[in-house]
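Printed here is protein.txt (compact mmCIF, C-alpha atoms):
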# COMPACT_ATOMS: atom_id res chain seq x y z
CA MET A 1458 8.26 -28.17 -8.80
CA ALA A 1459 5.51 -26.62 -6.73
CA MET A 1460 8.06 -24.92 -4.46
CA LYS A 1461 9.96 -23.65 -7.53
CA ARG A 1462 6.78 -22.03 -8.88
CA ILE A 1463 6.01 -20.38 -5.54
CA ILE A 1464 9.55 -18.99 -5.22
CA LEU A 1465 9.45 -17.64 -8.78
CA THR A 1466 6.14 -15.89 -8.10
CA LEU A 1467 7.51 -14.33 -4.89
CA VAL A 1468 10.66 -13.10 -6.64
CA ILE A 1469 8.58 -11.37 -9.31
CA SER A 1470 6.35 -9.74 -6.71
CA LEU A 1471 9.22 -8.60 -4.47
CA SER A 1472 11.12 -7.12 -7.41
CA LEU A 1473 8.12 -4.93 -8.11
CA LEU A 1474 7.88 -3.94 -4.46
CA THR A 1475 11.26 -2.18 -4.57
CA ALA A 1476 9.61 0.89 -6.00
CA THR A 1477 7.76 4.00 -4.97
CA ALA A 1478 4.15 4.67 -4.07
CA GLN A 1479 2.37 8.01 -3.74
CA MET A 1480 4.39 10.25 -1.42
CA ARG A 1481 2.17 12.56 0.57
CA THR A 1482 5.04 14.77 1.75
CA ALA A 1483 5.69 15.81 -1.87
CA TYR A 1484 2.17 17.20 -2.43
CA PHE A 1485 3.13 20.86 -1.88
CA MET A 1486 6.66 20.67 -3.31
CA GLU A 1487 6.87 22.88 -6.38
CA GLY A 1488 9.18 21.46 -9.03
CA SER A 1489 8.64 17.81 -8.07
CA TYR A 1490 7.07 15.53 -10.67
CA PHE A 1491 6.06 13.13 -7.85
CA ARG A 1492 3.19 15.47 -6.94
CA THR A 1493 1.55 14.90 -10.34
CA ASP A 1494 0.75 11.32 -9.24
CA LEU A 1495 -1.27 12.79 -6.37
CA ASN A 1496 -3.00 15.51 -8.39
CA PRO A 1497 -2.69 15.89 -12.19
CA ALA A 1498 -3.23 19.65 -11.83
CA LEU A 1499 -0.04 20.01 -9.73
CA VAL A 1500 2.57 19.75 -12.46
CA PRO A 1501 6.28 20.63 -12.11
CA GLY A 1502 7.41 24.01 -13.39
CA ARG A 1503 9.61 22.63 -16.17
CA GLY A 1504 9.41 19.82 -18.65
CA TYR A 1505 11.29 16.67 -17.65
CA VAL A 1506 12.58 13.30 -18.79
CA ALA A 1507 12.74 10.67 -16.08
CA ILE A 1508 15.54 8.11 -16.07
CA PRO A 1509 13.98 4.64 -16.44
CA VAL A 1510 13.65 2.90 -13.03
CA LEU A 1511 16.00 5.41 -11.31
CA SER A 1512 13.32 8.09 -11.56
CA GLY A 1513 11.48 6.30 -8.76
CA LEU A 1514 13.07 3.91 -6.26
CA GLY A 1515 12.00 3.13 -2.71
CA VAL A 1516 9.56 1.15 -0.60
CA GLY A 1517 6.18 1.98 0.89
CA VAL A 1518 4.53 0.13 3.79
CA ASN A 1519 1.52 1.31 5.78
CA ASN A 1520 -0.05 -0.42 8.79
CA ASN A 1521 -1.82 0.43 12.04
CA PHE A 1522 -0.55 -2.20 14.50
CA LEU A 1523 3.02 -3.40 13.82
CA SER A 1524 5.51 -1.37 15.87
CA VAL A 1525 8.27 -2.02 18.37
CA ASN A 1526 6.25 -0.31 21.10
CA ASN A 1527 3.34 -2.74 20.58
CA PHE A 1528 5.31 -5.99 20.47
CA VAL A 1529 8.56 -5.45 22.40
CA TYR A 1530 8.68 -4.80 26.18
CA ASN A 1531 11.26 -4.30 28.91
CA ARG A 1532 10.77 -6.57 31.92
CA ASP A 1533 13.29 -6.87 34.76
CA GLY A 1534 16.00 -5.36 32.60
CA GLU A 1535 15.35 -7.80 29.76
CA THR A 1536 13.87 -7.24 26.31
CA VAL A 1537 10.90 -9.58 25.84
CA LEU A 1538 8.19 -10.04 23.24
CA ALA A 1539 4.51 -9.41 23.85
CA LEU A 1540 3.70 -13.12 24.23
CA ASP A 1541 6.00 -13.39 27.27
CA SER A 1542 4.10 -14.26 30.47
CA ARG A 1543 5.49 -11.16 32.21
CA VAL A 1544 3.54 -8.92 29.82
CA GLU A 1545 -0.09 -8.51 30.92
CA SER A 1546 -2.74 -9.30 28.31
CA GLU A 1547 -4.60 -6.05 29.01
CA GLU A 1548 -1.47 -3.97 28.38
CA PHE A 1549 -0.63 -5.72 25.10
CA LEU A 1550 -4.15 -5.93 23.67
CA GLY A 1551 -4.95 -2.38 24.76
CA ARG A 1552 -2.37 -1.07 22.29
CA LEU A 1553 -3.87 -2.87 19.30
CA PRO A 1554 -6.77 -1.76 17.07
CA LYS A 1555 -9.81 -4.01 16.72
CA LYS A 1556 -9.05 -4.50 13.02
CA GLY A 1557 -5.45 -4.46 11.89
CA HIS A 1558 -4.37 -3.70 8.34
CA LEU A 1559 -1.08 -3.82 6.45
CA SER A 1560 -0.54 -2.55 2.91
CA LEU A 1561 2.33 -2.46 0.43
CA ASN A 1562 2.19 -0.01 -2.47
CA SER A 1563 4.66 0.55 -5.24
CA ASP A 1564 5.13 2.21 -8.62
CA ILE A 1565 8.11 1.82 -10.93
CA ASN A 1566 8.55 4.53 -13.55
CA LEU A 1567 9.66 2.55 -16.58
CA LEU A 1568 9.26 5.61 -18.80
CA ALA A 1569 8.13 9.14 -17.91
CA ALA A 1570 8.33 12.56 -19.53
CA GLY A 1571 6.54 15.90 -19.47
CA PHE A 1572 6.62 19.07 -21.52
CA SER A 1573 4.74 22.32 -21.93
CA ALA A 1574 3.14 23.43 -25.22
CA LYS A 1575 1.52 26.85 -25.28
CA LYS A 1576 -0.89 26.86 -22.29
CA MET A 1577 -0.90 23.09 -21.84
CA PHE A 1578 1.40 20.82 -19.85
CA TRP A 1579 1.52 17.26 -21.15
CA ASN A 1580 2.95 14.20 -19.43
CA PHE A 1581 3.05 10.54 -20.35
CA GLY A 1582 4.69 7.37 -19.15
CA VAL A 1583 4.68 3.66 -18.42
CA LYS A 1584 4.57 2.21 -14.91
CA ALA A 1585 4.65 -1.15 -13.18
CA ARG A 1586 2.43 -1.11 -10.09
CA VAL A 1587 1.80 -3.41 -7.13
CA ASN A 1588 -0.77 -3.15 -4.33
CA PHE A 1589 -0.99 -5.72 -1.54
CA ASP A 1590 -3.30 -5.64 1.51
CA VAL A 1591 -3.65 -7.85 4.59
CA VAL A 1592 -6.40 -7.45 7.17
CA THR A 1593 -6.29 -9.24 10.52
CA SER A 1594 -8.32 -9.40 13.72
CA LYS A 1595 -7.43 -8.37 17.26
CA ASP A 1596 -8.88 -11.72 18.36
CA LEU A 1597 -5.98 -13.47 16.63
CA PHE A 1598 -3.48 -11.84 19.00
CA ALA A 1599 -5.83 -12.36 21.93
CA ALA A 1600 -5.90 -16.11 21.20
CA LEU A 1601 -2.10 -16.26 20.92
CA LYS A 1602 -1.61 -14.27 24.12
CA SER A 1603 -4.07 -15.95 26.50
CA LEU A 1604 -5.70 -19.26 25.66
CA GLY A 1605 -8.38 -18.97 28.32
CA ASN A 1606 -12.07 -19.86 28.41
CA ASN A 1607 -13.19 -17.73 25.51
CA SER A 1608 -14.35 -17.61 21.90
CA TYR A 1609 -12.43 -15.84 19.15
CA ASP A 1610 -13.68 -14.48 15.82
CA LEU A 1611 -11.25 -14.40 12.88
CA SER A 1612 -13.80 -13.86 10.12
CA THR A 1613 -12.36 -10.44 9.20
CA VAL A 1614 -9.00 -11.95 8.15
CA GLY A 1615 -8.22 -11.63 4.43
CA PHE A 1616 -5.68 -10.54 1.84
CA ASP A 1617 -5.64 -9.12 -1.68
CA GLY A 1618 -2.76 -8.41 -4.03
CA THR A 1619 -2.60 -6.98 -7.54
CA ALA A 1620 0.24 -6.35 -9.99
CA TYR A 1621 -0.40 -4.53 -13.24
CA SER A 1622 1.20 -2.26 -15.81
CA GLU A 1623 -0.05 1.22 -16.64
CA ILE A 1624 0.33 3.38 -19.74
CA TYR A 1625 -0.85 6.94 -19.22
CA ILE A 1626 -1.13 10.32 -20.85
CA GLY A 1627 -2.05 13.44 -18.91
CA ALA A 1628 -2.66 17.12 -19.52
CA CYS A 1629 -3.04 20.26 -17.41
CA ARG A 1630 -4.10 23.77 -18.35
CA PRO A 1631 -5.34 26.97 -16.71
CA ILE A 1632 -9.05 27.72 -17.18
CA PHE A 1633 -8.88 31.14 -15.51
CA ASP A 1634 -6.01 33.05 -13.94
CA TRP A 1635 -7.00 31.55 -10.60
CA LEU A 1636 -8.05 28.02 -11.66
CA ARG A 1637 -6.05 25.16 -13.15
CA VAL A 1638 -7.38 21.68 -14.00
CA GLY A 1639 -5.68 18.45 -14.97
CA ALA A 1640 -6.53 14.92 -16.05
CA ARG A 1641 -4.69 11.69 -16.74
CA VAL A 1642 -6.06 8.75 -18.74
CA LYS A 1643 -4.66 5.26 -18.18
CA GLY A 1644 -4.69 1.99 -20.05
CA LEU A 1645 -4.09 -0.99 -17.74
CA VAL A 1646 -2.80 -4.52 -18.34
CA GLY A 1647 -3.35 -6.96 -15.47
CA VAL A 1648 -0.34 -9.12 -14.55
CA ILE A 1649 -1.69 -11.06 -11.55
CA ASN A 1650 -4.39 -10.78 -8.91
CA VAL A 1651 -4.58 -13.06 -5.89
CA GLY A 1652 -6.82 -12.83 -2.84
CA GLY A 1653 -8.57 -14.73 -0.10
CA GLN A 1654 -11.14 -14.08 2.60
CA LEU A 1655 -12.35 -16.05 5.60
CA SER A 1656 -16.13 -16.42 5.64
CA GLU A 1657 -15.90 -18.27 8.94
CA GLY A 1658 -13.10 -18.28 11.49
CA ASN A 1659 -14.01 -19.36 15.00
CA PHE A 1660 -12.09 -20.78 17.93
CA SER A 1661 -13.75 -21.85 21.17
CA ILE A 1662 -11.55 -22.68 24.14
CA THR A 1663 -12.74 -24.35 27.36
CA ARG A 1664 -11.05 -26.29 30.16
CA SER A 1665 -11.63 -29.60 28.40
CA GLN A 1666 -11.07 -28.88 24.70
CA ILE A 1667 -10.31 -26.46 21.88
CA VAL A 1668 -12.64 -26.42 18.89
CA GLY A 1669 -11.93 -24.43 15.74
CA SER A 1670 -13.15 -24.04 12.20
CA LEU A 1671 -11.96 -22.06 9.20
CA ARG A 1672 -13.89 -21.59 5.97
CA GLY A 1673 -13.16 -19.27 3.08
CA ASP A 1674 -12.24 -18.85 -0.55
CA LEU A 1675 -9.21 -18.12 -2.70
CA HIS A 1676 -9.02 -16.62 -6.17
CA MET A 1677 -6.23 -16.05 -8.68
CA SER A 1678 -6.02 -14.63 -12.17
CA GLY A 1679 -3.24 -13.57 -14.51
CA LEU A 1680 0.16 -14.83 -15.56
CA MET A 1681 1.23 -18.24 -14.24
CA VAL A 1682 -2.33 -19.23 -13.29
CA ARG A 1683 -3.90 -22.44 -14.57
CA SER A 1684 -7.63 -22.54 -15.17
CA ASP A 1685 -7.89 -26.11 -16.50
CA TYR A 1686 -8.81 -27.68 -13.16
CA LYS A 1687 -12.15 -29.38 -12.90
CA THR A 1688 -14.19 -29.04 -9.75
CA GLY A 1689 -12.93 -31.35 -7.02
CA GLU A 1690 -10.34 -31.49 -4.26
CA ILE A 1691 -6.68 -30.64 -4.77
CA GLU A 1692 -3.66 -31.34 -2.58
CA GLU A 1693 -1.91 -27.97 -2.71
CA VAL A 1694 -2.93 -24.46 -3.74
CA SER A 1695 0.40 -24.22 -5.57
CA ASP A 1696 -0.94 -26.76 -8.09
CA ILE A 1697 -2.92 -23.99 -9.77
CA LEU A 1698 0.32 -22.18 -10.72
CA GLU A 1699 1.87 -22.73 -14.13
CA GLU A 1700 5.54 -23.60 -14.50
CA GLU A 1701 5.82 -21.03 -17.28
CA PHE A 1702 4.16 -17.69 -17.91
CA SER A 1703 0.84 -17.98 -19.73
CA THR A 1704 0.10 -15.43 -22.45
CA ALA A 1705 -3.59 -15.89 -21.62
CA GLY A 1706 -2.94 -13.81 -18.51
CA LEU A 1707 -2.31 -10.74 -20.66
CA LYS A 1708 -5.97 -10.77 -21.70
CA SER A 1709 -6.83 -9.03 -18.41
CA GLY A 1710 -7.08 -5.26 -18.78
CA GLY A 1711 -8.84 -2.13 -17.69
CA PHE A 1712 -9.09 1.62 -17.67
CA GLY A 1713 -8.39 4.37 -15.16
CA VAL A 1714 -8.44 8.13 -14.82
CA ASP A 1715 -6.99 10.81 -12.51
CA LEU A 1716 -8.79 14.15 -12.14
CA GLY A 1717 -7.55 17.23 -10.32
CA ALA A 1718 -7.92 20.98 -9.88
CA GLU A 1719 -6.19 23.83 -8.04
CA ALA A 1720 -7.74 27.24 -7.29
CA ARG A 1721 -5.73 30.25 -6.07
CA PHE A 1722 -7.05 33.18 -4.05
CA LEU A 1723 -5.71 36.26 -2.22
CA ASN A 1724 -3.10 37.04 -4.88
CA ASP A 1725 -1.95 33.43 -5.01
CA LYS A 1726 -1.33 33.26 -1.26
CA LEU A 1727 -4.17 30.80 -0.58
CA ARG A 1728 -4.29 27.66 -2.75
CA VAL A 1729 -7.00 25.01 -2.52
CA SER A 1730 -6.75 21.75 -4.46
CA LEU A 1731 -8.81 18.62 -5.00
CA SER A 1732 -8.07 15.36 -6.80
CA ILE A 1733 -9.34 11.84 -7.25
CA THR A 1734 -6.82 9.34 -8.61
CA ASP A 1735 -6.97 5.74 -9.80
CA LEU A 1736 -10.67 5.89 -10.53
CA GLY A 1737 -11.11 2.78 -12.65
CA PHE A 1738 -11.08 -1.01 -12.86
CA ILE A 1739 -9.36 -4.14 -14.19
CA SER A 1740 -11.38 -7.01 -15.68
CA TRP A 1741 -9.59 -10.29 -14.98
CA SER A 1742 -9.96 -12.85 -17.74
CA LYS A 1743 -11.71 -16.18 -17.20
CA SER A 1744 -9.10 -17.85 -19.45
CA ALA A 1745 -6.41 -17.30 -16.77
CA ALA A 1746 -8.45 -17.54 -13.58
CA ALA A 1747 -8.79 -20.10 -10.81
CA ARG A 1748 -11.00 -20.25 -7.72
CA ALA A 1749 -10.94 -22.55 -4.72
CA GLU A 1750 -12.93 -22.99 -1.53
CA PHE A 1751 -11.19 -24.30 1.58
CA GLY A 1752 -12.26 -25.59 4.95
CA TYR A 1753 -10.47 -26.76 8.07
CA GLY A 1754 -11.97 -27.89 11.34
CA PHE A 1755 -10.48 -29.54 14.41
CA THR A 1756 -11.21 -30.64 17.96
CA TYR A 1757 -8.31 -30.90 20.41
CA LYS A 1758 -8.91 -32.58 23.77
CA GLY A 1759 -5.36 -32.79 25.06
CA VAL A 1760 -2.54 -35.31 25.47
CA ASN A 1761 -2.83 -38.68 27.18
CA LEU A 1762 0.14 -38.66 29.57
CA THR A 1763 0.18 -42.48 29.76
CA THR A 1764 0.33 -43.19 26.03
CA LYS A 1765 1.65 -39.74 25.05
CA GLU A 1766 -0.89 -39.69 22.23
CA VAL A 1767 -2.57 -36.49 21.11
CA ASP A 1768 -6.36 -36.64 21.21
CA MET A 1769 -7.17 -34.52 18.18
CA GLN A 1770 -9.59 -34.86 15.30
CA SER A 1771 -9.34 -32.71 12.18
CA GLU A 1772 -10.78 -32.41 8.70
CA ASP A 1773 -9.56 -30.27 5.85
CA ASN A 1774 -10.22 -29.87 2.16
CA ILE A 1775 -9.50 -27.55 -0.75
CA SER A 1776 -12.01 -27.76 -3.58
CA MET A 1777 -11.71 -26.12 -6.98
CA VAL A 1778 -14.67 -24.09 -8.17
CA ALA A 1779 -15.49 -23.47 -11.82
CA PRO A 1780 -13.39 -20.39 -12.78
CA SER A 1781 -15.05 -17.20 -13.93
CA GLY A 1782 -13.90 -13.76 -14.95
CA TYR A 1783 -14.35 -10.90 -12.52
CA THR A 1784 -13.86 -7.14 -12.32
CA LYS A 1785 -12.11 -5.28 -9.50
CA SER A 1786 -11.90 -1.57 -8.91
CA LEU A 1787 -8.55 0.16 -8.41
CA ASN A 1788 -7.47 1.54 -5.05
CA THR A 1789 -9.04 4.97 -5.55
CA THR A 1790 -7.56 7.92 -3.65
CA LEU A 1791 -9.16 11.25 -2.68
CA ASN A 1792 -6.86 14.20 -1.89
CA ILE A 1793 -8.01 17.59 -0.56
CA GLY A 1794 -5.30 20.18 0.03
CA ALA A 1795 -5.04 23.74 1.32
CA GLU A 1796 -1.87 25.84 1.33
CA TYR A 1797 -1.05 29.38 2.51
CA THR A 1798 2.17 31.08 1.39
CA ILE A 1799 4.16 33.88 3.03
CA LEU A 1800 7.35 35.82 2.27
CA ASN A 1801 6.70 35.94 -1.47
CA ASN A 1802 6.18 32.15 -1.71
CA TRP A 1803 9.44 31.29 0.03
CA ILE A 1804 7.55 29.54 2.86
CA SER A 1805 4.14 27.91 2.90
CA PHE A 1806 1.97 25.95 5.33
CA GLY A 1807 0.00 23.06 3.91
CA LEU A 1808 -2.75 20.72 5.10
CA LEU A 1809 -3.60 17.58 3.09
CA SER A 1810 -6.47 15.14 3.62
CA HIS A 1811 -5.53 11.80 2.04
CA THR A 1812 -8.08 8.96 1.82
CA GLU A 1813 -7.51 5.62 0.10
CA PHE A 1814 -10.46 3.36 -0.71
CA ARG A 1815 -8.66 0.02 -0.77
CA GLN A 1816 -10.00 -3.45 -1.50
CA LEU A 1817 -10.36 -4.52 2.15
CA TYR A 1818 -10.44 -1.26 4.13
CA THR A 1819 -10.31 2.54 3.93
CA LEU A 1820 -7.21 4.47 5.01
CA SER A 1821 -7.56 8.12 6.07
CA GLU A 1822 -4.70 10.46 6.98
CA LEU A 1823 -4.28 14.18 7.65
CA ILE A 1824 -0.85 15.62 6.83
CA ALA A 1825 0.36 19.04 7.99
CA SER A 1826 3.51 20.44 6.41
CA VAL A 1827 5.87 23.41 6.31
CA ASN A 1828 7.38 23.98 2.87
CA PHE A 1829 10.51 25.96 1.99
CA ARG A 1830 11.45 27.22 -1.47
CA VAL A 1831 14.61 28.86 -2.75
CA GLY A 1832 13.70 30.48 -6.03
CA LYS A 1833 12.82 28.00 -8.75
CA THR A 1834 15.69 25.59 -8.10
CA PHE A 1835 15.26 24.07 -4.63
CA SER A 1836 12.43 23.05 -2.29
CA ALA A 1837 12.23 21.23 1.03
CA THR A 1838 9.38 20.02 3.25
CA LEU A 1839 8.80 18.90 6.82
CA SER A 1840 5.50 17.16 7.58
CA HIS A 1841 3.59 15.29 10.26
CA THR A 1842 0.86 12.74 9.64
CA PHE A 1843 -2.12 12.68 11.97
CA CYS A 1844 -4.67 9.85 12.29
CA GLY A 1845 -3.76 6.22 11.69
CA ARG A 1846 -2.72 5.91 15.39
CA ASN A 1847 0.38 7.97 14.56
CA ARG A 1848 2.37 9.29 17.54
CA ALA A 1849 4.02 12.69 18.01
CA GLY A 1850 7.67 12.74 17.00
CA ILE A 1851 7.09 10.97 13.68
CA PHE A 1852 7.57 13.30 10.73
CA GLY A 1853 8.14 13.33 7.00
CA ALA A 1854 10.94 15.15 5.18
CA ALA A 1855 11.93 15.68 1.57
CA ILE A 1856 14.28 17.75 -0.55
CA ASN A 1857 14.02 18.41 -4.27
CA VAL A 1858 16.72 19.98 -6.44
CA HIS A 1859 15.10 21.10 -9.69
CA THR A 1860 17.60 23.24 -11.57
CA ALA A 1861 17.54 23.88 -15.32
CA GLY A 1862 19.07 20.47 -16.10
CA LEU A 1863 18.59 18.27 -13.05
CA ASN A 1864 15.71 16.95 -10.95
CA LEU A 1865 16.87 15.08 -7.84
CA PHE A 1866 14.41 13.99 -5.16
CA LEU A 1867 15.01 12.41 -1.73
CA GLY A 1868 12.26 11.92 0.84
CA ALA A 1869 10.49 9.88 3.47
CA ASP A 1870 6.94 10.07 4.81
CA TYR A 1871 7.55 8.55 8.27
CA ILE A 1872 10.69 9.17 10.32
CA ASP A 1873 10.50 8.23 14.00
CA THR A 1874 12.56 10.33 16.43
CA ASN A 1875 11.54 8.07 19.34
CA TYR A 1876 14.00 5.19 19.69
CA ALA A 1877 14.15 2.12 21.89
CA LEU A 1878 16.67 -0.62 22.64
CA ALA A 1879 15.81 -4.13 21.38
CA GLY A 1880 18.68 -6.16 22.74
CA GLU A 1881 21.76 -4.43 21.34
CA MET A 1882 19.85 -2.80 18.49
CA VAL A 1883 18.49 0.75 18.43
CA VAL A 1884 15.14 0.73 16.62
CA PRO A 1885 12.28 3.19 16.01
CA LYS A 1886 9.81 2.86 18.87
CA PHE A 1887 6.43 3.98 17.48
CA GLN A 1888 6.95 3.78 13.72
CA LYS A 1889 4.40 1.51 12.02
CA SER A 1890 4.70 2.74 8.44
CA LEU A 1891 7.58 3.66 6.18
CA ASN A 1892 7.81 5.29 2.77
CA TYR A 1893 11.27 6.07 1.40
CA TYR A 1894 11.87 7.63 -2.02
CA PHE A 1895 14.61 8.44 -4.47
CA GLY A 1896 14.07 10.01 -7.89
CA LEU A 1897 16.46 11.21 -10.58
CA GLY A 1898 15.58 12.87 -13.87
CA PHE A 1899 16.48 15.69 -16.23
CA ASN A 1900 14.61 19.00 -16.47
CA LEU A 1901 13.94 20.62 -19.81
CA GLY A 1902 13.43 24.25 -20.75
CA LYS A 1903 12.46 27.24 -18.65
CA THR A 1904 9.91 27.42 -15.88
CA LYS A 1905 6.43 28.00 -17.35
CA PHE A 1906 3.99 26.59 -14.77

Transcribe the structure of this file into structure tokens.
Amino acid sequence: MAMKRIILTLVISLSLLTATAQMRTAYFMEGSYFRTDLNPALVPGRGYVAIPVLSGLGVGVNNNFLSVNNFVYNRDGETVLALDSRVESEEFLGRLPKKGHLSLNSDINLLAAGFSAKKMFWNFGVKARVNFDVVTSKDLFAALKSLGNNSYDLSTVGFDGTAYSEIYIGACRPIFDWLRVGARVKGLVGVINVGGQLSEGNFSITRSQIVGSLRGDLHMSGLMVRSDYKTGEIEEVSDILEEEFSTAGLKSGGFGVDLGAEARFLNDKLRVSLSITDLGFISWSKSAAARAEFGYGFTYKGVNLTTKEVDMQSEDNISMVAPSGYTKSLNTTLNIGAEYTILNNWISFGLLSHTEFRQLYTLSELIASVNFRVGKTFSATLSHTFCGRNRAGIFGAAINVHTAGLNLFLGADYIDTNYALAGEMVVPKFQKSLNYYFGLGFNLGKTKF
């Protein structure tokens, strides 16, 4: 039964992950309603009705260490992994950051629409959202690569995942001829939050023995979480999952807001914009919460070759802690953009600073783009993301058809033009992140914004 509950939870989470997250390449694309998620002052020119689910499909993954170039090597004409003895430790570890992070972000547009009324542009919708973060330590890979006389610190390792639904209403209007502001207010319903963090993670390796200890905590709240455990040890973490959904989990909720502005200078040729999105919180209910503390320690002294017995001592425990409600902030994002247009707005050059304040780390990127527009019906963008250990030759691309009746969007933030052979497969060499998007909706009325 425990395995059934775990599988059901994973299926729910993965179904939500087949959706879109914020697409940076779309920030300067006029006519795209994706850009409104990045800045509520950057609304599409026409009103729109998004097709449920099909208005936003894709996947978004961002990390700073997982790539073919970091973990796959060519030695003596063979393709080998980084842990192979023919790969030097210094070469492998030199390519990795001290603190690695991996994030999954997704939004599903369940309902979405926008329309203009006099000088205002209104938009509203319902979304399902998922954010998941993992943080790891370079010492983990160092320990796997070379078990020499050394000590390793894994105390930075942790994870945090949240799924929630969002109901929003937004508005945008010009204040002056050169200034436009926008805002979006959100009501949030928490579905599930799960996280864990090591408070202690040490391994010490000598010629005679290996000694290790792990200490940390786990927390859960939301649907399918039991909170009726008394303090004491449990056998499996999966025991705190319900077999059925618990309506008590829907008592978790919160509030959020997006704020944005765009100013235009030099006869609209220079445009400067600023936004802060997902500024808010979710309070997770005590009635559907569970907390546990875990510990694991061991001493390994080797194998007795005569008796073939392993000389190892270990101790582990998982203890439930009295559950309590808690409040977590959203993954707030700060966007600062500048754009200069030429040839009567047919071509523009944009620069976007994108910073995400996530639960376990902060992600900062700088995106440069060239944007092409054909009247008020078609736009396309090519971009490159700096920072985040991103290599040259990785670019973003998107096209948006936004005619009087149709809004079709295709795009990707990271496309690697550097390829390598992994056995018989041709794979991207330096790509660590991927964001792919598809959106389909219907435009309404004439262009007004």

Across A:Met1681, A:Asn1802, A:Leu1727, A:Leu1655, the smallest distance to Phe1751 of chain A, with only C-alpha atoms counted, is shown by A:Leu1655

So that I can check the surroundings of segment 1491-1494 of chain A, please list as a list of chain:residue names every protein, DNA and RNA residue that reaches within 9 Å of it, counting all atoms listed in the file and ignoring chain neighbours fewer than 5 positions away.
A:Gln1479, A:Met1480, A:Arg1481, A:Thr1482, A:Ala1483, A:Tyr1484, A:Phe1485, A:Met1486, A:Leu1499, A:Val1500, A:Pro1501, A:Gly1513, A:Asp1715, A:Thr1734, A:Phe1866, A:Gly1896

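Between atom CA of Asn1788 of chain A and atom CA of Phe1738 of chain A there is a distance of 9.0 Å.
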
Could you produce a table of the residues of segment 1703-1787 of chain A lying within 10 Å of segment 1656-1675 of chain A, with the nearest pair of atoms per residue and their separation in Å rounded to one decimal, using all atoms listed in the file, ordered by chain and increasing residue number, as a Markdown table?
| residue | atom | partner | partner_atom | distance |
| --- | --- | --- | --- | --- |
| A:Ala1747 | CA | A:Leu1675 | CA | 8.4 |
| A:Arg1748 | CA | A:Leu1675 | CA | 5.7 |
| A:Ala1749 | CA | A:Leu1675 | CA | 5.2 |
| A:Glu1750 | CA | A:Asp1674 | CA | 4.3 |
| A:Phe1751 | CA | A:Gly1673 | CA | 5.6 |
| A:Gly1752 | CA | A:Arg1672 | CA | 4.4 |
| A:Tyr1753 | CA | A:Leu1671 | CA | 5.1 |
| A:Gly1754 | CA | A:Ser1670 | CA | 4.1 |
| A:Phe1755 | CA | A:Gly1669 | CA | 5.5 |
| A:Thr1756 | CA | A:Val1668 | CA | 4.6 |
| A:Tyr1757 | CA | A:Ile1667 | CA | 5.1 |
| A:Lys1758 | CA | A:Gln1666 | CA | 4.4 |
| A:Gly1759 | CA | A:Gln1666 | CA | 6.9 |
| A:Asp1768 | CA | A:Gln1666 | CA | 9.7 |
| A:Met1769 | CA | A:Ile1667 | CA | 9.4 |
| A:Gln1770 | CA | A:Val1668 | CA | 9.7 |
| A:Ser1771 | CA | A:Gly1669 | CA | 9.4 |
| A:Glu1772 | CA | A:Ser1670 | CA | 9.4 |
| A:Asp1773 | CA | A:Leu1671 | CA | 9.2 |
| A:Asn1774 | CA | A:Arg1672 | CA | 9.8 |
| A:Ile1775 | CA | A:Asp1674 | CA | 9.1 |
| A:Ser1776 | CA | A:Asp1674 | CA | 9.4 |
| A:Met1777 | CA | A:Leu1675 | CA | 9.4 |
| A:Val1778 | CA | A:Asp1674 | CA | 9.6 |

Residues within 8 Å of Leu1567 of chain A, please, as a ChimeraX atom specification. Count all atoms listed in the file; anything in the same chain fewer than 4 positions from it doesn't count.
/A:1509-1510,1582-1585

Go ahead and write the selection's residues with C-alpha atoms as a CSV table (one decimal), in the frame of the given file.
chain,number,residue,atom,x,y,z
A,1509,PRO,CA,14.0,4.6,-16.4
A,1510,VAL,CA,13.6,2.9,-13.0
A,1582,GLY,CA,4.7,7.4,-19.2
A,1583,VAL,CA,4.7,3.7,-18.4
A,1584,LYS,CA,4.6,2.2,-14.9
A,1585,ALA,CA,4.6,-1.2,-13.2

Point-to-point distance from atom CA of Lys1889 of chain A to atom CA of Val1518 of chain A, Å rounded to tenths
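Distance reported for this atom pair: 8.3 Å.
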
Just to confirm, what's the straight-line distance from atom CA of Leu1511 of chain A to atom CA of Asn1892 of chain A in Å (one decimal)?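 Those two atoms sit 16.3 Å apart.
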
- Message: Counting all atoms listed in the file, which residue out of A:Phe1712, A:Phe1899, A:Tyr1783, A:Tyr1797 sits closest to Arg1728 of chain A?
- Response: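 When distances to Arg1728 of chain A are compared using all atoms listed in the file, the smallest one comes from A:Tyr1797.
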
3 Å per side around segment 1539-1547 of chain A: axis-aligned box centre and edge lengths, as lines of an AutoDock Vina configuration file:
center_x = 0.7
center_y = -10.2
center_z = 28.0
size_x = 16.6
size_y = 14.2
size_z = 14.4

- prompt: Which one is closest to Tyr1818 of chain A: A:Ser1608, A:Thr1789, A:Asn1526, A:Ser1512? Count only C-alpha atoms.
  reply: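 Going through A:Ser1608, A:Thr1789, A:Asn1526, A:Ser1512 one by one, the smallest distance to Tyr1818 of chain A is for A:Thr1789.
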
Within 10 Å of Gly1794 of chain A, counting all atoms listed in the file, which residues qualify if same-chain residues fewer than 2 places away don't, as a count of residues only?
19

request  = Choose the residue, out of A:Cys1629, A:Leu1820, A:Leu1791, A:Val1592, that has the smallest atom-to-atom separation from Trp1579 of chain A; count only C-alpha atoms.
outcome  =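 Of all the options, A:Cys1629 lies closest to Trp1579 of chain A.
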